[in-house]
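File shown: data.txt. Contents: compact mmCIF, C-alpha atoms.
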```txt
# COMPACT_ATOMS: atom_id res chain seq x y z
CA MET A 1 11.88 -19.45 11.51
CA ALA A 2 8.70 -17.55 10.67
CA ALA A 3 8.43 -13.89 9.83
CA TRP A 4 6.27 -11.76 12.07
CA ARG A 5 2.84 -11.18 10.60
CA PRO A 6 0.85 -8.12 11.67
CA PRO A 7 -2.70 -8.40 13.01
CA GLN A 8 -5.29 -8.44 10.27
CA VAL A 9 -7.14 -5.20 9.53
CA GLU A 10 -10.38 -6.72 10.83
CA GLU A 11 -8.72 -7.54 14.16
CA LEU A 12 -7.24 -4.04 14.54
CA LEU A 13 -10.54 -2.45 13.57
CA ALA A 14 -12.41 -4.48 16.17
CA GLU A 15 -9.91 -3.41 18.83
CA ALA A 16 -10.25 0.24 17.85
CA ARG A 17 -14.06 0.05 17.92
CA ARG A 18 -14.01 -1.52 21.40
CA ALA A 19 -11.70 1.22 22.71
CA PHE A 20 -13.84 3.95 21.16
CA LEU A 21 -17.07 2.52 22.60
CA GLU A 22 -15.51 2.19 26.05
CA GLU A 23 -14.13 5.75 25.97
CA PHE A 24 -17.02 7.64 24.37
CA GLY A 25 -20.07 5.44 24.96
CA ALA A 26 -21.03 5.10 21.29
CA GLU A 27 -19.90 3.33 18.14
CA PRO A 28 -17.57 5.29 15.83
CA GLU A 29 -19.04 6.58 12.55
CA LEU A 30 -15.87 6.49 10.44
CA ALA A 31 -12.86 4.21 10.12
CA VAL A 32 -9.71 4.64 8.01
CA SER A 33 -6.38 2.87 7.65
CA ALA A 34 -2.93 3.97 6.51
CA PRO A 35 0.05 1.71 5.80
CA GLY A 36 3.63 1.60 6.88
CA ARG A 37 6.18 1.63 4.08
CA VAL A 38 9.61 0.42 3.12
CA ASN A 39 11.88 2.21 0.70
CA LEU A 40 13.27 -0.26 -1.82
CA ILE A 41 15.91 2.15 -3.15
CA GLY A 42 16.53 5.89 -3.10
CA GLU A 43 17.90 6.69 0.36
CA HIS A 44 18.57 10.26 1.52
CA THR A 45 17.49 11.53 -1.88
CA ASP A 46 14.03 12.87 -1.00
CA TYR A 47 15.23 16.05 0.70
CA ASN A 48 17.58 16.57 -2.23
CA GLN A 49 14.60 16.72 -4.63
CA GLY A 50 15.58 13.31 -6.01
CA LEU A 51 13.84 10.02 -6.76
CA VAL A 52 12.63 7.39 -4.27
CA LEU A 53 10.99 4.00 -4.78
CA PRO A 54 8.96 2.91 -1.73
CA MET A 55 6.16 0.38 -1.41
CA ALA A 56 3.30 0.37 1.07
CA LEU A 57 3.24 -2.46 3.60
CA GLU A 58 0.46 -4.69 4.87
CA LEU A 59 1.28 -3.24 8.31
CA VAL A 60 -1.35 -0.57 9.01
CA THR A 61 -2.52 2.00 11.54
CA ILE A 62 -6.27 2.22 12.13
CA LEU A 63 -8.13 5.40 13.10
CA VAL A 64 -11.80 5.50 14.07
CA GLY A 65 -13.84 8.53 15.01
CA SER A 66 -17.06 10.50 14.96
CA PRO A 67 -17.85 14.20 14.44
CA ARG A 68 -18.81 16.36 17.42
CA THR A 69 -20.47 19.74 17.60
CA ASP A 70 -18.88 21.37 20.65
CA GLY A 71 -15.68 22.55 18.95
CA LEU A 72 -13.47 20.07 20.82
CA VAL A 73 -11.20 17.26 19.68
CA SER A 74 -10.74 14.19 21.87
CA LEU A 75 -7.90 11.77 21.10
CA LEU A 76 -7.18 8.32 22.51
CA THR A 77 -4.30 6.05 21.53
CA THR A 78 -4.09 2.33 22.20
CA SER A 79 -0.38 2.15 21.32
CA LYS A 80 1.69 0.54 24.06
CA ASN A 81 4.70 2.65 23.01
CA ALA A 82 2.99 6.03 23.35
CA ASP A 83 4.04 8.46 26.07
CA GLU A 84 1.54 9.52 28.73
CA PRO A 85 -1.18 10.65 28.86
CA GLN A 86 -2.92 8.37 26.40
CA ARG A 87 -5.97 10.65 26.30
CA LEU A 88 -6.01 14.27 25.22
CA GLN A 89 -8.69 16.91 24.60
CA PHE A 90 -8.26 20.34 23.02
CA PRO A 91 -10.31 22.93 21.09
CA LEU A 92 -10.26 23.05 17.31
CA PRO A 93 -8.00 25.77 15.89
CA THR A 94 -9.61 29.03 14.84
CA ALA A 95 -8.44 32.18 13.06
CA GLN A 96 -7.55 33.58 16.48
CA ARG A 97 -6.20 30.42 18.12
CA SER A 98 -3.65 27.97 16.72
CA LEU A 99 -2.69 24.58 18.03
CA GLU A 100 0.83 24.11 19.39
CA PRO A 101 2.96 20.97 19.89
CA GLY A 102 3.38 19.73 23.44
CA ILE A 103 2.88 16.72 25.69
CA PRO A 104 2.03 13.92 24.94
CA GLN A 105 4.37 13.67 21.98
CA TRP A 106 2.31 10.97 20.20
CA ALA A 107 -0.45 13.52 19.64
CA ASN A 108 1.73 16.19 18.03
CA TYR A 109 1.57 14.83 14.51
CA VAL A 110 -2.23 14.51 14.74
CA LYS A 111 -2.49 18.06 16.06
CA GLY A 112 -0.26 19.32 13.24
CA VAL A 113 -2.46 17.73 10.58
CA ILE A 114 -5.58 19.23 12.19
CA GLN A 115 -3.92 22.65 12.28
CA HIS A 116 -2.76 22.61 8.66
CA TYR A 117 -5.24 20.36 6.85
CA PRO A 118 -7.88 23.00 5.96
CA ASP A 119 -5.28 24.41 3.52
CA SER A 120 -5.14 21.16 1.53
CA GLY A 121 -6.69 20.37 -1.82
CA ALA A 122 -5.28 17.91 -4.35
CA ILE A 123 -3.54 14.71 -3.26
CA ALA A 124 -0.03 16.21 -3.63
CA ALA A 125 -1.13 19.23 -1.55
CA ARG A 126 -2.51 16.91 1.14
CA ALA A 127 0.84 15.10 1.27
CA GLN A 128 2.60 18.45 1.68
CA VAL A 129 0.26 19.40 4.51
CA CYS A 130 1.15 16.19 6.35
CA GLN A 131 4.84 16.86 5.69
CA ARG A 132 4.39 20.37 7.11
CA ALA A 133 2.78 18.85 10.21
CA GLU A 134 5.77 16.59 10.69
CA HIS A 135 8.18 19.51 10.33
CA SER A 136 6.39 21.95 12.61
CA PHE A 137 4.70 19.69 15.18
CA ALA A 138 6.70 16.43 15.29
CA GLY A 139 10.04 18.20 14.79
CA VAL A 140 11.27 15.92 11.98
CA PRO A 141 12.67 17.68 8.85
CA CYS A 142 11.52 14.83 6.60
CA GLY A 143 11.02 14.65 2.86
CA ILE A 144 7.74 13.91 1.08
CA MET A 145 8.14 10.15 0.52
CA ASP A 146 6.22 8.80 3.51
CA GLN A 147 3.20 10.98 2.89
CA LEU A 148 2.93 10.22 -0.83
CA ILE A 149 3.32 6.45 -0.54
CA ALA A 150 0.74 6.40 2.27
CA LEU A 151 -1.72 8.25 0.02
CA LEU A 152 -0.97 6.65 -3.33
CA GLY A 153 0.29 3.13 -2.66
CA GLN A 154 -1.39 0.39 -4.68
CA LYS A 155 -1.39 -3.34 -4.12
CA GLY A 156 1.12 -5.13 -6.31
CA HIS A 157 3.12 -1.98 -7.09
CA ALA A 158 6.00 0.11 -5.81
CA LEU A 159 5.74 3.86 -6.37
CA LEU A 160 8.42 5.90 -8.11
CA ILE A 161 8.25 9.41 -6.65
CA ASP A 162 9.91 12.49 -8.10
CA CYS A 163 10.43 14.60 -4.99
CA ARG A 164 10.99 17.75 -7.07
CA SER A 165 7.87 17.70 -9.27
CA LEU A 166 5.84 15.37 -6.98
CA GLU A 167 5.02 13.29 -10.05
CA THR A 168 4.49 9.61 -9.31
CA SER A 169 4.34 6.44 -11.38
CA LEU A 170 3.40 2.90 -10.38
CA VAL A 171 6.04 0.20 -10.83
CA PRO A 172 4.81 -3.42 -11.02
CA LEU A 173 5.82 -5.59 -8.07
CA SER A 174 3.31 -8.44 -8.05
CA ASP A 175 5.31 -11.51 -9.09
CA PRO A 176 4.17 -14.28 -6.68
CA LYS A 177 7.63 -15.88 -6.92
CA LEU A 178 9.16 -12.72 -5.42
CA ALA A 179 9.34 -11.66 -1.77
CA VAL A 180 10.40 -8.55 0.12
CA LEU A 181 11.98 -9.31 3.51
CA ILE A 182 12.39 -6.56 6.06
CA THR A 183 14.88 -7.34 8.81
CA ASN A 184 14.93 -5.22 11.94
CA SER A 185 18.35 -4.98 13.56
CA ASN A 186 16.61 -3.96 16.81
CA VAL A 187 19.34 -1.41 17.45
CA ARG A 188 19.18 2.36 17.24
CA HIS A 189 22.37 4.33 17.71
CA SER A 190 22.19 7.82 19.21
CA LEU A 191 23.78 9.31 16.07
CA ALA A 192 20.54 8.81 14.14
CA SER A 193 18.87 12.03 15.25
CA SER A 194 21.96 14.25 15.35
CA GLU A 195 23.54 13.21 12.05
CA TYR A 196 20.43 13.59 9.86
CA PRO A 197 20.40 17.41 9.89
CA ILE A 198 24.18 17.43 9.38
CA ARG A 199 23.86 15.32 6.21
CA ARG A 200 21.08 17.55 4.97
CA ARG A 201 23.15 20.68 5.52
CA GLN A 202 26.19 19.15 3.80
CA CYS A 203 24.10 18.40 0.72
CA GLU A 204 22.73 21.94 0.63
CA GLU A 205 26.24 23.37 0.93
CA VAL A 206 27.54 21.32 -2.02
CA ALA A 207 24.59 22.30 -4.19
CA GLN A 208 25.18 25.95 -3.32
CA ALA A 209 28.91 25.63 -4.11
CA LEU A 210 28.00 24.31 -7.55
CA GLY A 211 25.42 27.02 -8.14
CA LYS A 212 22.50 24.58 -8.10
CA GLU A 213 19.19 24.68 -6.27
CA SER A 214 19.62 21.07 -5.14
CA LEU A 215 21.72 18.00 -5.83
CA ARG A 216 18.96 16.78 -8.15
CA GLU A 217 20.33 19.20 -10.74
CA VAL A 218 23.91 17.91 -10.45
CA ARG A 219 25.36 15.30 -12.81
CA LEU A 220 28.20 13.09 -11.63
CA GLU A 221 30.54 14.69 -14.18
CA GLU A 222 29.75 18.16 -12.79
CA LEU A 223 30.37 16.95 -9.26
CA GLU A 224 33.75 15.49 -10.23
CA ALA A 225 34.72 18.69 -12.05
CA GLY A 226 33.80 20.84 -9.05
CA ARG A 227 35.27 18.73 -6.24
CA GLU A 228 37.82 21.46 -5.40
CA LEU A 229 34.90 23.72 -4.44
CA MET A 230 33.89 21.51 -1.51
CA SER A 231 35.35 19.48 1.32
CA LYS A 232 36.29 15.85 0.74
CA GLU A 233 33.48 14.84 3.07
CA GLY A 234 30.98 17.03 1.25
CA PHE A 235 32.04 15.50 -2.06
CA ARG A 236 31.42 11.97 -0.75
CA ARG A 237 28.00 12.93 0.60
CA ALA A 238 27.02 14.44 -2.74
CA ARG A 239 28.46 11.50 -4.68
CA HIS A 240 26.11 9.20 -2.82
CA VAL A 241 23.06 11.35 -3.51
CA VAL A 242 23.81 11.93 -7.20
CA GLY A 243 24.57 8.24 -7.72
CA GLU A 244 21.53 7.14 -5.71
CA ILE A 245 19.17 9.24 -7.81
CA ARG A 246 20.53 7.52 -10.92
CA ARG A 247 20.31 4.08 -9.27
CA THR A 248 16.68 4.70 -8.36
CA ALA A 249 15.73 5.53 -11.95
CA GLN A 250 17.61 2.44 -13.15
CA GLY A 251 15.98 0.33 -10.42
CA ALA A 252 12.45 1.35 -11.39
CA ALA A 253 13.22 0.43 -15.00
CA ALA A 254 14.68 -2.94 -13.92
CA LEU A 255 11.59 -3.83 -11.86
CA SER A 256 9.31 -2.78 -14.70
CA ARG A 257 10.95 -5.30 -17.03
CA GLY A 258 11.17 -7.99 -14.33
CA ASP A 259 14.96 -7.92 -14.14
CA TYR A 260 15.33 -8.72 -10.45
CA ARG A 261 19.04 -9.48 -10.68
CA ALA A 262 19.75 -5.99 -12.03
CA PHE A 263 17.59 -4.47 -9.29
CA GLY A 264 19.42 -6.52 -6.67
CA ARG A 265 22.80 -5.29 -7.90
CA LEU A 266 21.58 -1.71 -7.58
CA MET A 267 20.41 -2.39 -4.01
CA VAL A 268 23.88 -3.62 -3.07
CA GLU A 269 25.54 -0.61 -4.72
CA SER A 270 23.15 1.60 -2.75
CA HIS A 271 24.12 -0.02 0.55
CA TYR A 272 27.84 0.28 -0.05
CA SER A 273 27.39 3.93 -1.04
CA LEU A 274 25.37 4.61 2.13
CA ARG A 275 28.05 2.83 4.16
CA ASP A 276 31.15 4.39 2.59
CA ASP A 277 30.15 7.77 1.12
CA TYR A 278 27.16 8.84 3.19
CA GLU A 279 28.37 7.03 6.34
CA VAL A 280 24.96 6.30 7.81
CA SER A 281 25.23 2.53 8.13
CA CYS A 282 26.52 0.69 11.21
CA PRO A 283 28.11 -2.72 11.92
CA GLU A 284 24.77 -4.33 12.68
CA LEU A 285 23.22 -3.27 9.34
CA ASP A 286 26.35 -4.33 7.47
CA GLN A 287 26.18 -7.77 9.12
CA LEU A 288 22.55 -8.20 8.11
CA VAL A 289 23.22 -7.21 4.50
CA GLU A 290 26.26 -9.45 4.10
CA ALA A 291 24.44 -12.39 5.69
CA ALA A 292 21.50 -11.95 3.32
CA LEU A 293 23.73 -11.71 0.27
CA SER A 294 25.30 -15.10 1.01
CA VAL A 295 21.93 -16.90 0.73
CA PRO A 296 21.04 -18.57 -2.61
CA GLY A 297 17.94 -16.96 -4.08
CA VAL A 298 18.66 -13.48 -2.71
CA TYR A 299 18.80 -10.81 -5.43
CA GLY A 300 19.92 -7.88 -3.29
CA SER A 301 19.89 -6.34 0.17
CA ARG A 302 20.50 -2.89 1.64
CA MET A 303 19.90 -0.75 4.67
CA THR A 304 16.69 1.24 4.46
CA GLY A 305 15.67 4.37 6.31
CA GLY A 306 17.76 7.03 7.97
CA GLY A 307 20.50 4.67 9.12
CA PHE A 308 22.55 4.07 12.30
CA GLY A 309 20.30 1.10 13.06
CA GLY A 310 16.79 0.21 12.06
CA CYS A 311 16.10 -2.13 9.17
CA THR A 312 17.42 -3.73 6.02
CA VAL A 313 15.29 -4.63 2.99
CA THR A 314 16.04 -7.72 0.93
CA LEU A 315 14.61 -8.76 -2.44
CA LEU A 316 14.60 -12.53 -2.86
CA GLU A 317 12.85 -15.54 -4.29
CA ALA A 318 9.84 -16.33 -2.11
CA SER A 319 10.98 -19.95 -1.82
CA ALA A 320 14.24 -18.78 -0.21
CA ALA A 321 12.63 -16.69 2.55
CA SER A 322 12.72 -19.30 5.31
CA LEU A 323 16.37 -20.21 4.64
CA ALA A 324 17.30 -16.53 4.46
CA MET A 325 15.77 -15.75 7.85
CA HIS A 326 17.50 -18.69 9.52
CA HIS A 327 20.87 -17.85 7.99
CA ILE A 328 20.65 -14.13 8.78
CA GLN A 329 19.81 -14.81 12.42
CA GLU A 330 22.65 -17.33 12.71
CA GLN A 331 25.16 -14.83 11.32
CA TYR A 332 23.87 -11.77 13.18
CA SER A 333 25.47 -10.81 16.49
CA GLY A 334 22.20 -9.47 17.88
CA THR A 335 18.59 -10.58 17.76
CA ALA A 336 16.87 -9.75 14.50
CA SER A 337 13.15 -9.75 13.77
CA PHE A 338 11.68 -10.35 10.35
CA TYR A 339 8.69 -9.16 8.38
CA LEU A 340 7.61 -10.43 4.96
CA SER A 341 5.24 -8.24 2.98
CA GLN A 342 3.71 -7.86 -0.42
CA ALA A 343 3.24 -4.38 -1.88
CA ALA A 344 -0.02 -3.13 -0.35
CA ASP A 345 -2.65 -0.44 -0.80
CA GLY A 346 -2.34 3.08 0.55
CA ALA A 347 -4.70 4.88 2.92
CA GLN A 348 -8.36 4.00 2.57
CA VAL A 349 -11.75 4.37 4.18
CA LEU A 350 -12.92 1.16 5.85
CA SER A 351 -16.45 -0.22 6.13
CA LEU A 352 -17.89 -0.33 9.63
```

Just give me the structure of the file as C-alpha cells.
Amino acid sequence: MAAWRPPQVEELLAEARRAFLEEFGAEPELAVSAPGRVNLIGEHTDYNQGLVLPMALELVTILVGSPRTDGLVSLLTTSKNADEPQRLQFPLPTAQRSLEPGIPQWANYVKGVIQHYPDSGAIAARAQVCQRAEHSFAGVPCGIMDQLIALLGQKGHALLIDCRSLETSLVPLSDPKLAVLITNSNVRHSLASSEYPIRRRQCEEVAQALGKESLREVRLEELEAGRELMSKEGFRRARHVVGEIRRTAQGAAALSRGDYRAFGRLMVESHYSLRDDYEVSCPELDQLVEAALSVPGVYGSRMTGGGFGGCTVTLLEASAASLAMHHIQEQYSGTASFYLSQAADGAQVLSL
C-alpha cells in the first residue's frame, strides 16, 4: 500500500498559472507557496499559552497574482472543495470602508488578511495578523501555531513554539531512517466544532480559579493542591494541558538528542491524555493509534489536531512504513488514507 503523494510544486504552479491566464488574460507576476502542517506533540496547548511542536509538510497551497491599479481585488480559487461562487471581486479596504466576512466562505480568510495585514511588521506580528483574520473573518478561535509554522518552517526541522512569548527554536528532524506517517481517519464527528470552545472555556475557568493568567503558569503540583477549587471535569482538562506542555518540552529535547523511543513514549502518553482527560478522541482515532503501535518499527502514535476525527501522526522507522500502512488499514473499521512527509520549508516566494 502506497502513501498518497501530493502534486509537485511545479505541477501546482503550472495549474495556477493556466487558471490565472484564462481568467485575467495575462501571466501572473508573483507566485508564493505555503505549507500544510502536522503537530507532532502539544495538543490543545496553544490557546493556553503553552508549547507546541509542529512541522511543515510537503503539501502546499500555491497563490499567484499581479498588482492592479483600480482599487479592486479579484479572487479565483481552483479548489474543488470550495463553496460557490469560485470567483469574487471587491474593493480594497480604506479608512472609511472595511471588509466584512460573507459568501463565499473560502474567501473569508483571504479577505481577513487583506483587511488586517497593513498593521503587520515583524514575522511574529505577521503571524498574529493572520491569526486575527482567522478569528474575525473565518470564525475559528485558533491559537498561533498554524501561522508561525507556515512562516518559519524549515526543511529537516520541527519547530518548538512558545505560544506565550512567541519565541521559536528549530528542532532537528532530518534522519533519513525516520519517517512521519499521517493517517486520515476520514471521519469528522459533529462534536468537533461545538466542543472546542467548551474546552477553551474550561481551561480559562481553571486558570482563573487558581489565580493564574493561563494554564501555562500552573505546575502539576499546584493543580493537584487546588483541585477542590474546580469541577472534576475541569481538573481533568487542566491536567491534560499542564502535562502536555511538559511532554512537549521533553519531546523537543528527545528529538534534539535523537532519542526516538523517548519521543514515541511521549506521543503515546499524549494520546491517552487527550482520550481520557481532555476527551477529544473518538473510537476511530483510538483504533488507528492502537493499530500503529502494534507494528514493529513504530516509535509512537497519537491523534493530532482538534479531535473527534481527523488524523493521527505516527513516528516510525522509514523501512516500516509500508508494513505499518497495510496493518493499520487491515485493523481499521473504516477506510484510512495515508500521507508520508519529511519536515518541509515554510512559506516562500516562487520563481516564475

With only C-alpha atoms as the counted atoms, please give the residues lying no more than 10 Å from Glu205 of chain A, apart from itself and same-chain residues fewer than 3 positions off, as a VMD selection string. chain A and resid 199 to 202 208 to 212 214 to 215 230 to 231 234 238

Atom pair atom CA of Glu23 of chain A + atom CA of Phe90 of chain A, distance 16.0 Å

* **Residues near segment 111-118 of chain A, cut-off 8 Å, all atoms listed in the file, skip fewer than 6 positions along chain, as an NGL selection string** => :A and (92-93 or 98-101 or 126 or 129-130 or 132-134 or 136-138)

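Proximity to Arg37 of chain A was assessed for A:Gln154, A:Gly307, A:Phe20, A:Gly50 counting all atoms listed in the file; the smallest distance is recorded for A:Gln154.
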
Contacts of segment 104-158 of chain A with segment 67-79 of chain A up to 9 Å, shortest pair per row, all atoms listed in the file, as CSV:
```
residue,atom,partner,partner_atom,distance
A:Trp106,CA,A:Thr77,CA,8.3
A:Ala107,CA,A:Leu75,CA,7.8
A:Val110,CA,A:Leu75,CA,9.0
```

Please, could you write that set of residues out with C-alpha atoms as an mmCIF file, in the frame of the given file?
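So part_3.cif came out as:
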```cif
data_model
loop_
_atom_site.group_PDB
_atom_site.id
_atom_site.type_symbol
_atom_site.label_atom_id
_atom_site.label_comp_id
_atom_site.auth_asym_id
_atom_site.auth_seq_id
_atom_site.Cartn_x
_atom_site.Cartn_y
_atom_site.Cartn_z
ATOM 1 C CA TRP A 106 2.310 10.970 20.200
ATOM 2 C CA ALA A 107 -0.450 13.520 19.640
ATOM 3 C CA VAL A 110 -2.230 14.510 14.740
#
```

Query - Å distance separating atom CA of Gln128 of chain A from atom CA of Pro104 of chain A, one decimal place - result: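 Answer for the atom CA of Gln128 of chain A to atom CA of Pro104 of chain A separation: 23.7 Å.
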
#### Entry: Residues near Glu284 of chain A, cut-off 9 Å, all atoms listed in the file, skip fewer than 3 positions along chain, as a VMD selection string
chain A and resid 185 187 281 287 to 289 308 to 309 332 to 334

Name the closest residue to Ser273 of chain A among the candidates A:Ile245, A:Ala344, A:Leu293, A:Ala127; distances are taken between atoms, counting only C-alpha atoms.
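Looking only at the distances to Ser273 of chain A, the closest residue turns out to be A:Ile245.
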
| request: Please tell me which residues are no farther than 9 Å from (19.4, 8.8, 2.9) in the file, counting only C-alpha atoms, and write them as a PyMOL selection string. | output: chain A and resi 42-47+196+199+240-241+274+278+280+304-307

Exercise for review: Within 10 Å of Val242 of chain A, counting only C-alpha atoms, which residues show up once you throw out same-chain ones fewer than 5 positions away? Write them as a PyMOL selection string, please.
Suggested key: chain A and resi 45+48+50+215-220+223+236-237+247
